[in-house]
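Undergrad: Below is the file target03.txt, with compact mmCIF, C-alpha atoms.
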# COMPACT_ATOMS: atom_id res chain seq x y z
CA MET A 3 -236.90 59.82 -86.50
CA ALA A 4 -239.05 62.87 -85.82
CA ALA A 5 -242.29 60.95 -86.35
CA PRO A 6 -241.67 58.44 -83.52
CA ARG A 7 -240.72 61.29 -81.18
CA LEU A 8 -243.86 63.21 -82.08
CA ALA A 9 -245.99 60.12 -81.67
CA THR A 10 -244.43 59.52 -78.29
CA LEU A 11 -245.16 63.17 -77.48
CA ALA A 12 -248.80 62.72 -78.33
CA LEU A 13 -249.01 59.58 -76.27
CA ALA A 14 -247.33 61.43 -73.45
CA VAL A 15 -249.84 64.24 -73.68
CA LEU A 16 -252.65 61.69 -73.54
CA LEU A 17 -251.54 60.40 -70.23
CA ALA A 18 -250.19 63.70 -69.02
CA ALA A 19 -253.81 64.30 -68.30
CA ALA A 20 -253.66 61.34 -65.97
CA VAL A 21 -250.81 62.60 -63.78
CA ALA A 22 -248.17 65.29 -62.95
CA SER A 23 -244.67 65.76 -61.60
CA PRO A 24 -244.60 65.06 -57.84
CA PRO A 25 -243.10 67.45 -55.31
CA VAL A 26 -239.40 66.77 -54.74
CA ALA A 27 -240.00 65.39 -51.24
CA VAL A 28 -242.60 62.85 -52.43
CA ARG A 29 -241.46 59.55 -53.93
CA ALA A 30 -243.93 57.94 -56.27
CA ALA A 31 -243.98 54.23 -56.91
CA MET A 32 -244.58 54.80 -60.63
CA SER A 33 -241.44 55.16 -62.77
CA CYS A 34 -241.18 56.69 -66.23
CA THR A 35 -239.87 53.38 -67.55
CA THR A 36 -243.07 51.70 -66.37
CA VAL A 37 -245.20 54.41 -67.96
CA TYR A 38 -243.40 54.23 -71.30
CA ASN A 39 -243.39 50.43 -71.44
CA THR A 40 -247.06 50.22 -70.50
CA LEU A 41 -248.08 52.64 -73.25
CA MET A 42 -245.75 51.40 -75.99
CA PRO A 43 -248.54 49.31 -77.63
CA CYS A 44 -250.36 52.61 -78.30
CA LEU A 45 -247.56 54.01 -80.45
CA PRO A 46 -248.72 52.51 -83.80
CA PHE A 47 -252.19 54.01 -83.33
CA VAL A 48 -250.76 57.42 -82.44
CA GLN A 49 -248.39 57.32 -85.42
CA MET A 50 -250.71 55.90 -88.08
CA GLY A 51 -254.25 56.21 -86.75
CA GLY A 52 -256.96 53.66 -87.43
CA ALA A 53 -260.47 52.80 -86.41
CA MET A 54 -259.49 51.35 -83.03
CA PRO A 55 -256.26 51.17 -81.05
CA PRO A 56 -254.88 47.67 -80.47
CA GLN A 57 -256.24 45.83 -77.43
CA PRO A 58 -252.84 45.82 -75.66
CA CYS A 59 -252.90 49.63 -75.88
CA CYS A 60 -256.31 49.89 -74.22
CA GLY A 61 -255.29 47.32 -71.64
CA GLY A 62 -252.16 49.34 -70.91
CA ILE A 63 -254.12 52.55 -70.43
CA ARG A 64 -256.56 50.83 -68.07
CA SER A 65 -253.72 49.19 -66.15
CA LEU A 66 -251.81 52.45 -65.78
CA LEU A 67 -254.88 54.32 -64.58
CA GLN A 68 -255.65 51.57 -62.05
CA GLN A 69 -252.09 51.63 -60.75
CA ALA A 70 -252.14 55.42 -60.40
CA ASN A 71 -254.34 55.27 -57.32
CA ASN A 72 -252.75 58.17 -55.42
CA THR A 73 -251.77 61.75 -56.13
CA PRO A 74 -247.98 61.20 -56.20
CA ASP A 75 -248.33 58.39 -58.76
CA ARG A 76 -250.72 60.36 -60.94
CA ARG A 77 -248.41 63.36 -60.86
CA ALA A 78 -245.37 61.19 -61.52
CA ILE A 79 -247.00 59.72 -64.62
CA CYS A 80 -247.93 63.15 -65.85
CA GLY A 81 -244.36 64.35 -65.27
CA CYS A 82 -242.99 61.45 -67.34
CA LEU A 83 -245.38 62.24 -70.15
CA LYS A 84 -244.69 65.96 -70.04
CA ASN A 85 -240.95 65.24 -70.35
CA VAL A 86 -241.63 63.28 -73.54
CA ALA A 87 -243.91 66.02 -74.81
CA SER A 88 -241.28 68.67 -74.14
CA SER A 89 -238.57 66.76 -75.98
CA ALA A 90 -240.82 66.14 -78.98
CA ALA A 91 -242.40 69.59 -79.16
CA GLY A 92 -242.50 71.28 -82.53
CA GLY A 93 -243.14 70.04 -86.01
CA SER A 94 -246.52 68.70 -87.09
CA SER A 95 -247.36 67.11 -83.75
CA GLY A 96 -251.03 68.16 -83.90
CA THR A 97 -252.14 64.96 -85.62
CA TYR A 98 -250.33 62.81 -83.08
CA ILE A 99 -251.77 64.79 -80.19
CA ASP A 100 -255.27 64.47 -81.66
CA ARG A 101 -254.85 60.71 -81.99
CA ALA A 102 -253.46 60.41 -78.48
CA ALA A 103 -256.34 62.50 -77.14
CA ALA A 104 -258.78 60.11 -78.82
CA LEU A 105 -257.31 57.03 -77.10
CA PRO A 106 -259.31 57.17 -73.83
CA GLY A 107 -262.63 57.41 -75.64
CA LYS A 108 -261.74 54.69 -78.12
CA CYS A 109 -260.64 52.47 -75.24
CA GLY A 110 -263.76 53.18 -73.17
CA VAL A 111 -261.84 55.05 -70.49
CA THR A 112 -263.21 58.27 -69.03
CA LEU A 113 -260.78 60.93 -67.87
CA PRO A 114 -261.95 63.89 -65.76
CA TYR A 115 -260.01 66.40 -67.89
CA LYS A 116 -259.28 67.27 -71.50
CA ILE A 117 -256.10 65.85 -72.95
CA SER A 118 -254.09 68.79 -74.15
CA THR A 119 -250.55 70.09 -74.34
CA ASN A 120 -251.74 72.82 -71.98
CA VAL A 121 -252.83 70.51 -69.17
CA ASN A 122 -251.70 71.68 -65.74
CA CYS A 123 -250.62 68.46 -64.07
CA ASN A 124 -250.21 70.24 -60.72
CA THR A 125 -254.00 70.37 -60.45
CA ILE A 126 -254.27 66.58 -60.59
CA ASN A 127 -255.00 65.00 -57.22
Go ahead and express the file in the form of structure tokens.

TA:
Amino acid sequence: MAAPRLATLALAVLLAAAVASPPVAVRAAMSCTTVYNTLMPCLPFVQMGGAMPPQPCCGGIRSLLQQANNTPDRRAICGCLKNVASSAAGGSSGTYIDRAAALPGKCGVTLPYKISTNVNCNTIN
């Protein structure tokens, strides 16, 4: 049970770099359900590793980043991912976080920030 939560945490951290929690007055079109469902194909790679993540994972990352075309959406996605990271914090999550951090590069996606549990999503525009 802890492993799936930690893997989800790592995946969350990966995309936390892509977005952050929006101000209360701003409504983002992106929901946490959409974020989680889009990234679910990445979970096996985050949990078990491998040479390359599955194609549906890379497609999901690209799709999510394309959909997050404004600051509120990017911050909303990050907020969703940070919530997962917070609930899964602790344990031996380092391996999962490392695997999640490797996803953009393995999928050929460039992010303008380092994927880390310390990312400040409020700086994402």

Undergrad: In Å, rounded to a single decimal, give me how far CA of Gln49 (chain A) is from CA of Asn71 (chain A).

TA: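 Going from CA of Asn71 (chain A) over to CA of Gln49 (chain A) covers 28.8 Å.
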
Undergrad: Mind checking which residues fall within 12 Å of Gly51 (chain A), counting all atoms listed in the file, ignoring those fewer than 4 positions away in the same chain, and posting them as a PyMOL selection string?

TA: chain A and resi 9+12+44-47+55-56+97-105+108

Undergrad: Counting only C-alpha atoms, which of A:Thr73, A:Asn39, A:Gln57, A:Gln68 gets nearest to Cys109 (chain A)?

TA: A:Gln57

Undergrad: Between CA of Cys59 (chain A) and CA of Gly107 (chain A), what is the distance in Å, rounded to a tenth?

TA: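 A separation of 12.5 Å between them.
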
Undergrad: One number please: CA of Ala70 (chain A) to CA of Pro43 (chain A), in Å, one decimal.

TA: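 Distance reported for this atom pair: 18.6 Å.
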
Undergrad: Which residue is closest to Arg76 (chain A)? Choose from A:Ile63, A:Met50, A:Cys123, A:Leu113 and count all atoms listed in the file.

TA: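 Residue with the minimum atom-to-atom distance to Arg76 (chain A): A:Cys123.
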
Undergrad: Using all atoms listed in the file, can you tell me which of A:Thr40, A:Asn120, A:Thr112, A:Thr125 comes closest to Pro74 (chain A)?

TA: A:Thr125

Undergrad: Box along x, y and z, 5 Å on every side, all listed atoms of region 79-85 of chain A inside: centre and edge lengths in Å to one decimal, as lines of an AutoDock Vina configuration file.

TA:
center_x = -244.4
center_y = 62.8
center_z = -67.5
size_x = 17.0
size_y = 16.2
size_z = 15.7
